[in-house]
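Student: Handing over my_file.cif, mmCIF, N, CA and C atoms.
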```cif
data_run
loop_
_atom_site.label_atom_id
_atom_site.label_comp_id
_atom_site.auth_asym_id
_atom_site.auth_seq_id
_atom_site.Cartn_x
_atom_site.Cartn_y
_atom_site.Cartn_z
N MET A 1 0.85 -1.18 0.00
CA MET A 1 0.00 0.00 0.00
C MET A 1 0.89 1.23 0.00
N ARG A 2 0.45 2.24 -0.75
CA ARG A 2 1.18 3.51 -0.84
C ARG A 2 0.22 4.64 -0.43
N ILE A 3 0.59 5.33 0.65
CA ILE A 3 -0.22 6.43 1.15
C ILE A 3 0.48 7.74 0.84
N GLY A 4 -0.25 8.65 0.22
CA GLY A 4 0.29 9.97 -0.11
C GLY A 4 -0.19 11.01 0.88
N ILE A 5 0.74 11.79 1.40
CA ILE A 5 0.42 12.87 2.33
C ILE A 5 0.63 14.19 1.58
N ILE A 6 -0.40 15.02 1.50
CA ILE A 6 -0.25 16.33 0.88
C ILE A 6 0.68 17.15 1.78
N ALA A 7 1.84 17.51 1.25
CA ALA A 7 2.93 18.09 2.05
C ALA A 7 3.23 19.53 1.66
N LEU A 8 2.19 20.35 1.58
CA LEU A 8 2.36 21.72 1.15
C LEU A 8 2.51 22.69 2.32
N GLN A 9 1.88 22.37 3.44
CA GLN A 9 1.92 23.25 4.62
C GLN A 9 1.18 22.52 5.73
N GLY A 10 1.55 22.79 6.96
CA GLY A 10 0.80 22.25 8.08
C GLY A 10 1.48 21.10 8.79
N SER A 11 0.67 20.23 9.39
CA SER A 11 1.18 19.14 10.23
C SER A 11 1.56 17.91 9.41
N VAL A 12 2.40 18.11 8.44
CA VAL A 12 2.79 17.06 7.51
C VAL A 12 3.57 15.95 8.21
N GLU A 13 4.61 16.30 8.93
CA GLU A 13 5.48 15.30 9.56
C GLU A 13 4.72 14.39 10.52
N GLU A 14 3.80 14.96 11.27
CA GLU A 14 3.01 14.15 12.20
C GLU A 14 2.16 13.12 11.46
N HIS A 15 1.62 13.51 10.32
CA HIS A 15 0.81 12.59 9.53
C HIS A 15 1.67 11.52 8.86
N ILE A 16 2.84 11.89 8.43
CA ILE A 16 3.76 10.90 7.85
C ILE A 16 4.11 9.85 8.89
N LYS A 17 4.48 10.28 10.08
CA LYS A 17 4.86 9.33 11.14
C LYS A 17 3.68 8.43 11.51
N ALA A 18 2.49 8.98 11.63
CA ALA A 18 1.31 8.19 11.98
C ALA A 18 0.99 7.16 10.89
N ALA A 19 1.09 7.57 9.64
CA ALA A 19 0.82 6.64 8.53
C ALA A 19 1.88 5.54 8.47
N GLU A 20 3.14 5.92 8.68
CA GLU A 20 4.22 4.91 8.69
C GLU A 20 4.00 3.90 9.81
N ARG A 21 3.61 4.38 10.99
CA ARG A 21 3.36 3.49 12.12
C ARG A 21 2.20 2.55 11.80
N ALA A 22 1.12 3.08 11.25
CA ALA A 22 -0.04 2.26 10.92
C ALA A 22 0.31 1.20 9.88
N LEU A 23 1.05 1.58 8.86
CA LEU A 23 1.45 0.61 7.84
C LEU A 23 2.39 -0.45 8.41
N SER A 24 3.29 -0.03 9.27
CA SER A 24 4.23 -0.97 9.90
C SER A 24 3.48 -2.03 10.70
N GLU A 25 2.46 -1.62 11.42
CA GLU A 25 1.66 -2.53 12.24
C GLU A 25 0.85 -3.49 11.38
N ARG A 26 0.69 -3.18 10.12
CA ARG A 26 -0.12 -4.01 9.22
C ARG A 26 0.70 -4.68 8.14
N GLY A 27 2.00 -4.78 8.36
CA GLY A 27 2.83 -5.53 7.42
C GLY A 27 3.63 -4.70 6.44
N GLY A 28 3.53 -3.39 6.51
CA GLY A 28 4.38 -2.55 5.67
C GLY A 28 3.64 -1.83 4.57
N GLY A 29 4.37 -0.96 3.95
CA GLY A 29 3.85 -0.12 2.89
C GLY A 29 4.76 1.09 2.76
N GLU A 30 4.33 2.04 1.97
CA GLU A 30 5.15 3.22 1.71
C GLU A 30 4.32 4.48 1.93
N VAL A 31 4.95 5.48 2.53
CA VAL A 31 4.34 6.79 2.70
C VAL A 31 5.14 7.78 1.89
N VAL A 32 4.46 8.56 1.06
CA VAL A 32 5.15 9.53 0.21
C VAL A 32 4.60 10.93 0.46
N SER A 33 5.49 11.91 0.42
CA SER A 33 5.11 13.31 0.52
C SER A 33 4.73 13.81 -0.86
N ILE A 34 3.64 14.55 -0.93
CA ILE A 34 3.17 15.07 -2.21
C ILE A 34 3.26 16.58 -2.19
N LYS A 35 4.14 17.11 -3.05
CA LYS A 35 4.30 18.56 -3.19
C LYS A 35 4.03 19.02 -4.61
N HIS A 36 4.03 18.07 -5.55
CA HIS A 36 3.87 18.40 -6.96
C HIS A 36 3.01 17.33 -7.64
N THR A 37 2.59 17.59 -8.85
CA THR A 37 1.78 16.64 -9.61
C THR A 37 2.59 15.40 -9.97
N GLY A 38 1.85 14.35 -10.30
CA GLY A 38 2.46 13.13 -10.79
C GLY A 38 2.57 12.01 -9.77
N ILE A 39 2.41 12.31 -8.50
CA ILE A 39 2.55 11.29 -7.46
C ILE A 39 1.20 10.71 -7.06
N ILE A 40 0.18 11.53 -6.99
CA ILE A 40 -1.14 11.09 -6.53
C ILE A 40 -1.68 9.89 -7.32
N PRO A 41 -1.55 9.84 -8.64
CA PRO A 41 -2.10 8.69 -9.36
C PRO A 41 -1.51 7.34 -8.94
N SER A 42 -0.35 7.35 -8.31
CA SER A 42 0.27 6.09 -7.88
C SER A 42 -0.05 5.73 -6.42
N CYS A 43 -0.91 6.51 -5.77
CA CYS A 43 -1.23 6.29 -4.36
C CYS A 43 -2.49 5.44 -4.20
N ASP A 44 -2.51 4.67 -3.12
CA ASP A 44 -3.67 3.85 -2.78
C ASP A 44 -4.61 4.58 -1.81
N ALA A 45 -4.11 5.64 -1.18
CA ALA A 45 -4.89 6.47 -0.26
C ALA A 45 -4.20 7.82 -0.15
N ILE A 46 -4.97 8.83 0.23
CA ILE A 46 -4.44 10.20 0.33
C ILE A 46 -4.86 10.79 1.67
N ILE A 47 -3.94 11.54 2.27
CA ILE A 47 -4.25 12.27 3.50
C ILE A 47 -3.96 13.75 3.26
N VAL A 48 -4.94 14.59 3.60
CA VAL A 48 -4.77 16.05 3.57
C VAL A 48 -4.69 16.49 5.03
N PRO A 49 -3.51 16.87 5.50
CA PRO A 49 -3.35 17.20 6.92
C PRO A 49 -3.89 18.57 7.29
N GLY A 50 -3.87 18.83 8.59
CA GLY A 50 -4.25 20.14 9.09
C GLY A 50 -3.16 21.16 8.81
N GLY A 51 -3.51 22.39 8.97
CA GLY A 51 -2.62 23.52 8.72
C GLY A 51 -3.50 24.74 8.53
N GLU A 52 -3.19 25.55 7.57
CA GLU A 52 -4.00 26.72 7.26
C GLU A 52 -4.70 26.45 5.94
N SER A 53 -6.02 26.30 6.00
CA SER A 53 -6.77 25.82 4.83
C SER A 53 -6.66 26.73 3.62
N THR A 54 -6.62 28.03 3.82
CA THR A 54 -6.50 28.94 2.68
C THR A 54 -5.18 28.73 1.95
N THR A 55 -4.11 28.64 2.70
CA THR A 55 -2.78 28.43 2.12
C THR A 55 -2.69 27.08 1.42
N ILE A 56 -3.13 26.02 2.08
CA ILE A 56 -3.06 24.68 1.48
C ILE A 56 -3.89 24.64 0.21
N GLY A 57 -5.09 25.22 0.24
CA GLY A 57 -5.95 25.24 -0.94
C GLY A 57 -5.32 25.96 -2.12
N LYS A 58 -4.75 27.14 -1.86
CA LYS A 58 -4.10 27.89 -2.93
C LYS A 58 -2.93 27.12 -3.52
N LEU A 59 -2.13 26.49 -2.66
CA LEU A 59 -0.98 25.73 -3.15
C LEU A 59 -1.40 24.48 -3.90
N MET A 60 -2.49 23.83 -3.48
CA MET A 60 -2.97 22.65 -4.20
C MET A 60 -3.38 23.02 -5.62
N VAL A 61 -4.05 24.14 -5.77
CA VAL A 61 -4.46 24.59 -7.11
C VAL A 61 -3.23 25.00 -7.91
N GLN A 62 -2.36 25.80 -7.31
CA GLN A 62 -1.16 26.29 -7.99
C GLN A 62 -0.27 25.15 -8.49
N GLU A 63 -0.15 24.10 -7.71
CA GLU A 63 0.72 22.97 -8.08
C GLU A 63 0.02 21.93 -8.94
N GLY A 64 -1.28 22.08 -9.16
CA GLY A 64 -2.02 21.11 -9.97
C GLY A 64 -2.45 19.87 -9.21
N ILE A 65 -2.25 19.88 -7.90
CA ILE A 65 -2.57 18.72 -7.08
C ILE A 65 -4.08 18.57 -6.90
N ALA A 66 -4.80 19.68 -6.83
CA ALA A 66 -6.25 19.63 -6.59
C ALA A 66 -6.96 18.78 -7.63
N SER A 67 -6.64 18.97 -8.89
CA SER A 67 -7.31 18.19 -9.93
C SER A 67 -6.95 16.71 -9.84
N GLU A 68 -5.72 16.40 -9.45
CA GLU A 68 -5.33 14.99 -9.28
C GLU A 68 -6.07 14.36 -8.11
N ILE A 69 -6.27 15.12 -7.03
CA ILE A 69 -7.03 14.60 -5.89
C ILE A 69 -8.46 14.29 -6.32
N LYS A 70 -9.09 15.22 -7.02
CA LYS A 70 -10.46 15.02 -7.46
C LYS A 70 -10.58 13.79 -8.36
N GLU A 71 -9.66 13.64 -9.27
CA GLU A 71 -9.69 12.49 -10.18
C GLU A 71 -9.48 11.18 -9.43
N SER A 72 -8.55 11.16 -8.49
CA SER A 72 -8.28 9.91 -7.76
C SER A 72 -9.49 9.50 -6.92
N THR A 73 -10.15 10.46 -6.29
CA THR A 73 -11.32 10.10 -5.50
C THR A 73 -12.48 9.67 -6.40
N ARG A 74 -12.56 10.25 -7.58
CA ARG A 74 -13.57 9.81 -8.55
C ARG A 74 -13.35 8.34 -8.91
N LEU A 75 -12.09 7.92 -8.90
CA LEU A 75 -11.74 6.53 -9.21
C LEU A 75 -11.84 5.61 -8.00
N GLY A 76 -12.24 6.16 -6.85
CA GLY A 76 -12.45 5.33 -5.67
C GLY A 76 -11.32 5.29 -4.67
N ILE A 77 -10.30 6.10 -4.85
CA ILE A 77 -9.18 6.15 -3.91
C ILE A 77 -9.66 6.84 -2.63
N PRO A 78 -9.48 6.22 -1.46
CA PRO A 78 -9.93 6.87 -0.22
C PRO A 78 -9.08 8.08 0.14
N ILE A 79 -9.73 9.05 0.80
CA ILE A 79 -9.04 10.27 1.21
C ILE A 79 -9.47 10.61 2.63
N LEU A 80 -8.51 11.08 3.41
CA LEU A 80 -8.75 11.50 4.79
C LEU A 80 -8.29 12.94 4.93
N GLY A 81 -9.10 13.76 5.55
CA GLY A 81 -8.72 15.13 5.84
C GLY A 81 -8.84 15.40 7.32
N THR A 82 -7.82 16.00 7.91
CA THR A 82 -7.90 16.37 9.32
C THR A 82 -7.80 17.88 9.42
N CYS A 83 -8.63 18.45 10.26
CA CYS A 83 -8.65 19.89 10.52
C CYS A 83 -8.78 20.68 9.21
N ALA A 84 -7.76 21.39 8.80
CA ALA A 84 -7.82 22.16 7.55
C ALA A 84 -8.08 21.24 6.36
N GLY A 85 -7.55 20.03 6.41
CA GLY A 85 -7.78 19.07 5.34
C GLY A 85 -9.26 18.74 5.18
N LEU A 86 -9.96 18.63 6.30
CA LEU A 86 -11.39 18.37 6.25
C LEU A 86 -12.15 19.57 5.68
N ILE A 87 -11.74 20.76 6.05
CA ILE A 87 -12.35 21.97 5.47
C ILE A 87 -12.23 21.91 3.95
N LEU A 88 -11.06 21.56 3.46
CA LEU A 88 -10.82 21.53 2.02
C LEU A 88 -11.63 20.46 1.30
N LEU A 89 -12.00 19.40 1.99
CA LEU A 89 -12.78 18.32 1.36
C LEU A 89 -14.25 18.69 1.19
N ALA A 90 -14.72 19.68 1.91
CA ALA A 90 -16.14 20.04 1.94
C ALA A 90 -16.66 20.56 0.59
N LYS A 91 -17.97 20.37 0.41
CA LYS A 91 -18.65 20.94 -0.75
C LYS A 91 -19.15 22.35 -0.49
N HIS A 92 -19.47 22.65 0.77
CA HIS A 92 -20.12 23.91 1.11
C HIS A 92 -19.40 24.60 2.26
N GLY A 93 -19.37 25.92 2.21
CA GLY A 93 -18.75 26.69 3.29
C GLY A 93 -19.64 27.83 3.74
N ASP A 94 -19.31 28.37 4.89
CA ASP A 94 -20.07 29.49 5.44
C ASP A 94 -19.66 30.81 4.79
N SER A 95 -20.15 31.91 5.34
CA SER A 95 -19.84 33.22 4.77
C SER A 95 -18.35 33.53 4.84
N GLN A 96 -17.66 33.01 5.85
CA GLN A 96 -16.21 33.23 5.96
C GLN A 96 -15.48 32.56 4.79
N VAL A 97 -15.93 31.40 4.40
CA VAL A 97 -15.35 30.71 3.24
C VAL A 97 -15.59 31.53 1.98
N GLU A 98 -16.80 32.02 1.81
CA GLU A 98 -17.13 32.83 0.64
C GLU A 98 -16.36 34.15 0.64
N GLN A 99 -16.31 34.80 1.78
CA GLN A 99 -15.66 36.10 1.90
C GLN A 99 -14.17 36.03 1.56
N THR A 100 -13.52 34.95 1.92
CA THR A 100 -12.08 34.81 1.68
C THR A 100 -11.77 34.07 0.37
N ASN A 101 -12.82 33.70 -0.37
CA ASN A 101 -12.65 32.91 -1.59
C ASN A 101 -11.86 31.63 -1.32
N GLN A 102 -12.16 31.02 -0.18
CA GLN A 102 -11.53 29.77 0.21
C GLN A 102 -11.80 28.70 -0.84
N PHE A 103 -10.74 28.07 -1.35
CA PHE A 103 -10.89 26.96 -2.29
C PHE A 103 -11.39 25.74 -1.54
N LEU A 104 -12.37 25.04 -2.09
CA LEU A 104 -12.84 23.77 -1.55
C LEU A 104 -12.79 22.72 -2.65
N LEU A 105 -12.36 21.52 -2.30
CA LEU A 105 -12.31 20.43 -3.27
C LEU A 105 -13.71 19.95 -3.66
N GLY A 106 -14.68 20.11 -2.76
CA GLY A 106 -16.05 19.71 -3.06
C GLY A 106 -16.26 18.21 -3.12
N LEU A 107 -15.55 17.46 -2.30
CA LEU A 107 -15.62 16.00 -2.36
C LEU A 107 -16.55 15.37 -1.33
N MET A 108 -16.83 16.09 -0.25
CA MET A 108 -17.72 15.55 0.79
C MET A 108 -18.94 16.45 0.91
N ASP A 109 -20.10 15.85 1.01
CA ASP A 109 -21.33 16.62 1.12
C ASP A 109 -21.51 17.11 2.55
N ILE A 110 -20.63 18.03 2.93
CA ILE A 110 -20.67 18.63 4.26
C ILE A 110 -20.58 20.14 4.12
N HIS A 111 -21.02 20.84 5.15
CA HIS A 111 -20.98 22.30 5.21
C HIS A 111 -20.02 22.67 6.33
N VAL A 112 -18.98 23.42 6.02
CA VAL A 112 -18.00 23.80 7.03
C VAL A 112 -18.21 25.24 7.48
N THR A 113 -17.93 25.45 8.75
CA THR A 113 -17.93 26.77 9.33
C THR A 113 -16.52 26.99 9.86
N ARG A 114 -15.87 28.00 9.37
CA ARG A 114 -14.51 28.25 9.83
C ARG A 114 -14.41 29.65 10.41
N ASN A 115 -13.40 29.81 11.26
CA ASN A 115 -13.21 31.14 11.84
C ASN A 115 -12.46 32.00 10.84
N ALA A 116 -12.15 33.20 11.21
CA ALA A 116 -11.45 34.12 10.31
C ALA A 116 -10.03 33.60 10.07
N PHE A 117 -9.06 34.27 10.59
CA PHE A 117 -7.68 33.87 10.40
C PHE A 117 -7.03 33.70 11.76
N GLY A 118 -5.94 32.99 11.79
CA GLY A 118 -5.19 32.84 13.03
C GLY A 118 -5.59 31.59 13.78
N ARG A 119 -5.30 31.57 15.05
CA ARG A 119 -5.52 30.40 15.89
C ARG A 119 -7.00 30.05 15.95
N GLN A 120 -7.25 28.75 16.03
CA GLN A 120 -8.61 28.27 16.26
C GLN A 120 -8.94 28.56 17.73
N ARG A 121 -10.13 29.00 17.99
CA ARG A 121 -10.51 29.36 19.35
C ARG A 121 -11.64 28.48 19.84
N GLU A 122 -11.57 28.13 21.10
CA GLU A 122 -12.67 27.40 21.72
C GLU A 122 -13.65 28.41 22.26
N SER A 123 -14.92 28.10 22.18
CA SER A 123 -15.91 28.98 22.78
C SER A 123 -16.52 28.25 23.97
N PHE A 124 -16.67 28.98 25.04
CA PHE A 124 -17.22 28.40 26.27
C PHE A 124 -18.54 29.04 26.62
#
```
Output the structure of this file as structure tokens.

Tutor:
Amino acid sequence: MRIGIIALQGSVEEHIKAAERALSERGGGEVVSIKHTGIIPSCDAIIVPGGESTTIGKLMVQEGIASEIKESTRLGIPILGTCAGLILLAKHGDSQVEQTNQFLLGLMDIHVTRNAFGRQRESF
């Protein structure tokens, strides 16, 4: 099995280590960092890690990775998004997404609500 980690910005190293550990426990496999086009078509699964969703989205489009992700999922390749990665997988966003022209891959029928910029805040 070959797992591709989108490695443009964010918690990339943590996701690489977690995927390597999971594959090791299941008999092995390969984890690859994805920064440019051409790697995604050879992956059996894709992970979009957390980070800053606006930045990751812009870089995915700029590098041509977004279209490869969409095509691979259309072909049935599983994809996991954590934090910012999950925001990017959504089909729908709130007014903050619209206001910032946040890129969304549109792969999951979910509606995301994100804060403005900076640290994520808990509300009590």

Student: May I have the residues within 7 Å of Leu89 (chain A) as a list in words, using only C-alpha atoms and disregarding those fewer than 5 positions away in the same chain?

Tutor: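 Result of the neighbour search: Gly81, Leu104, Leu105, Gly106, Leu107 and Met108 of chain A.
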
Student: Write to file, as a tab-separated table (two decimals), keeping the file's coordinate frame, the residues of the selection just made, with N, CA and C atoms.

Tutor:
```tsv
chain	number	residue	atom	x	y	z
A	81	GLY	N	-9.10	13.76	5.55
A	81	GLY	CA	-8.72	15.13	5.84
A	81	GLY	C	-8.84	15.40	7.32
A	104	LEU	N	-12.37	25.04	-2.09
A	104	LEU	CA	-12.84	23.77	-1.55
A	104	LEU	C	-12.79	22.72	-2.65
A	105	LEU	N	-12.36	21.52	-2.30
A	105	LEU	CA	-12.31	20.43	-3.27
A	105	LEU	C	-13.71	19.95	-3.66
A	106	GLY	N	-14.68	20.11	-2.76
A	106	GLY	CA	-16.05	19.71	-3.06
A	106	GLY	C	-16.26	18.21	-3.12
A	107	LEU	N	-15.55	17.46	-2.30
A	107	LEU	CA	-15.62	16.00	-2.36
A	107	LEU	C	-16.55	15.37	-1.33
A	108	MET	N	-16.83	16.09	-0.25
A	108	MET	CA	-17.72	15.55	0.79
A	108	MET	C	-18.94	16.45	0.91
```

Student: Hey, can you check how far CA of Asp44 (chain A) sits from CA of Ser67 (chain A)?

Tutor: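 Between CA of Asp44 (chain A) and CA of Ser67 (chain A) the gap works out to 16.4 Å.
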
Student: Could you list as a PDB file with N, CA and C atoms, in the frame of the given file every residue that has an atom within 8 Å of (-18.6, 26.5, 0.1), using the file's coordinates and counting all atoms listed in the file?

Tutor:
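The resulting file, result_36.pdb, is reproduced below:
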```
ATOM      1  N   ALA A  90     -14.720  19.680   1.910  1.00  0.00           N
ATOM      2  CA  ALA A  90     -16.140  20.040   1.940  1.00  0.00           C
ATOM      3  C   ALA A  90     -16.660  20.560   0.590  1.00  0.00           C
ATOM      4  N   LYS A  91     -17.970  20.370   0.410  1.00  0.00           N
ATOM      5  CA  LYS A  91     -18.650  20.940  -0.750  1.00  0.00           C
ATOM      6  C   LYS A  91     -19.150  22.350  -0.490  1.00  0.00           C
ATOM      7  N   HIS A  92     -19.470  22.650   0.770  1.00  0.00           N
ATOM      8  CA  HIS A  92     -20.120  23.910   1.110  1.00  0.00           C
ATOM      9  C   HIS A  92     -19.400  24.600   2.260  1.00  0.00           C
ATOM     10  N   GLY A  93     -19.370  25.920   2.210  1.00  0.00           N
ATOM     11  CA  GLY A  93     -18.750  26.690   3.290  1.00  0.00           C
ATOM     12  C   GLY A  93     -19.640  27.830   3.740  1.00  0.00           C
ATOM     13  N   ASP A  94     -19.310  28.370   4.890  1.00  0.00           N
ATOM     14  CA  ASP A  94     -20.070  29.490   5.440  1.00  0.00           C
ATOM     15  C   ASP A  94     -19.660  30.810   4.790  1.00  0.00           C
ATOM     16  N   SER A  95     -20.150  31.910   5.340  1.00  0.00           N
ATOM     17  CA  SER A  95     -19.840  33.220   4.770  1.00  0.00           C
ATOM     18  C   SER A  95     -18.350  33.530   4.840  1.00  0.00           C
ATOM     19  N   VAL A  97     -15.930  31.400   4.400  1.00  0.00           N
ATOM     20  CA  VAL A  97     -15.350  30.710   3.240  1.00  0.00           C
ATOM     21  C   VAL A  97     -15.590  31.530   1.980  1.00  0.00           C
ATOM     22  N   GLU A  98     -16.800  32.020   1.810  1.00  0.00           N
ATOM     23  CA  GLU A  98     -17.130  32.830   0.640  1.00  0.00           C
ATOM     24  C   GLU A  98     -16.360  34.150   0.640  1.00  0.00           C
ATOM     25  N   GLN A 102     -12.160  31.020  -0.180  1.00  0.00           N
ATOM     26  CA  GLN A 102     -11.530  29.770   0.210  1.00  0.00           C
ATOM     27  C   GLN A 102     -11.800  28.700  -0.840  1.00  0.00           C
ATOM     28  N   PHE A 103     -10.740  28.070  -1.350  1.00  0.00           N
ATOM     29  CA  PHE A 103     -10.890  26.960  -2.290  1.00  0.00           C
ATOM     30  C   PHE A 103     -11.390  25.740  -1.540  1.00  0.00           C
ATOM     31  N   LEU A 104     -12.370  25.040  -2.090  1.00  0.00           N
ATOM     32  CA  LEU A 104     -12.840  23.770  -1.550  1.00  0.00           C
ATOM     33  C   LEU A 104     -12.790  22.720  -2.650  1.00  0.00           C
ATOM     34  N   GLY A 106     -14.680  20.110  -2.760  1.00  0.00           N
ATOM     35  CA  GLY A 106     -16.050  19.710  -3.060  1.00  0.00           C
ATOM     36  C   GLY A 106     -16.260  18.210  -3.120  1.00  0.00           C
ATOM     37  N   ILE A 110     -20.630  18.030   2.930  1.00  0.00           N
ATOM     38  CA  ILE A 110     -20.670  18.630   4.260  1.00  0.00           C
ATOM     39  C   ILE A 110     -20.580  20.140   4.120  1.00  0.00           C
ATOM     40  N   HIS A 111     -21.020  20.840   5.150  1.00  0.00           N
ATOM     41  CA  HIS A 111     -20.980  22.300   5.210  1.00  0.00           C
ATOM     42  C   HIS A 111     -20.020  22.670   6.330  1.00  0.00           C
ATOM     43  N   VAL A 112     -18.980  23.420   6.020  1.00  0.00           N
ATOM     44  CA  VAL A 112     -18.000  23.800   7.030  1.00  0.00           C
ATOM     45  C   VAL A 112     -18.210  25.240   7.480  1.00  0.00           C
TER      46      VAL A 112
END
```

Student: Applied to this file, what does the PyMOL selection byres ((chain A and resi 31) around 7) return in terms of residues, put as a short mmCIF file (atom, residue, chain, number, x, y, z; two decimals) with N, CA and C atoms, in the coordinates of the input?

Tutor:
```
data_model
loop_
_atom_site.label_atom_id
_atom_site.label_comp_id
_atom_site.auth_asym_id
_atom_site.auth_seq_id
_atom_site.Cartn_x
_atom_site.Cartn_y
_atom_site.Cartn_z
N MET A 1 0.85 -1.18 0.00
CA MET A 1 0.00 0.00 0.00
C MET A 1 0.89 1.23 0.00
N ARG A 2 0.45 2.24 -0.75
CA ARG A 2 1.18 3.51 -0.84
C ARG A 2 0.22 4.64 -0.43
N ILE A 3 0.59 5.33 0.65
CA ILE A 3 -0.22 6.43 1.15
C ILE A 3 0.48 7.74 0.84
N GLY A 4 -0.25 8.65 0.22
CA GLY A 4 0.29 9.97 -0.11
C GLY A 4 -0.19 11.01 0.88
N ILE A 5 0.74 11.79 1.40
CA ILE A 5 0.42 12.87 2.33
C ILE A 5 0.63 14.19 1.58
N ILE A 16 2.84 11.89 8.43
CA ILE A 16 3.76 10.90 7.85
C ILE A 16 4.11 9.85 8.89
N ALA A 19 1.09 7.57 9.64
CA ALA A 19 0.82 6.64 8.53
C ALA A 19 1.88 5.54 8.47
N GLU A 20 3.14 5.92 8.68
CA GLU A 20 4.22 4.91 8.69
C GLU A 20 4.00 3.90 9.81
N GLY A 29 4.37 -0.96 3.95
CA GLY A 29 3.85 -0.12 2.89
C GLY A 29 4.76 1.09 2.76
N GLU A 30 4.33 2.04 1.97
CA GLU A 30 5.15 3.22 1.71
C GLU A 30 4.32 4.48 1.93
N VAL A 32 4.46 8.56 1.06
CA VAL A 32 5.15 9.53 0.21
C VAL A 32 4.60 10.93 0.46
N SER A 33 5.49 11.91 0.42
CA SER A 33 5.11 13.31 0.52
C SER A 33 4.73 13.81 -0.86
#
```

Student: Neighbouring residues of Pro78 (chain A) were defined as those with any atom within 7 Å, considering all atoms listed in the file; residues of the same chain fewer than 3 positions away were excluded. Please report them as number ranges by chain.

Tutor: A: 44-47, 72-73, 75

Student: Find, counting all atoms listed in the file, the residue in A:Ala22, A:Val48, A:Ile6, A:Met60 that gets nearest to Ile79 (chain A).

Tutor: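 Ranked by minimum distance to Ile79 (chain A), first place goes to A:Val48.
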
Student: Once DSSP has gone over the backbone, tell me which residues of region 12-95 of chain A are in helix (DSSP H, G or I), as a PyMOL selection string.

Tutor: chain A and resi 12-25+40-42+53-63+65-74+84-89+95

Student: Using all atoms listed in the file for the distances, tell me which of A:Leu80, A:Val61, A:Ile56, A:Ile87 is nearest to Gln9 (chain A).

Tutor: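 The shortest atom-to-atom distance to Gln9 (chain A) comes from A:Ile56.
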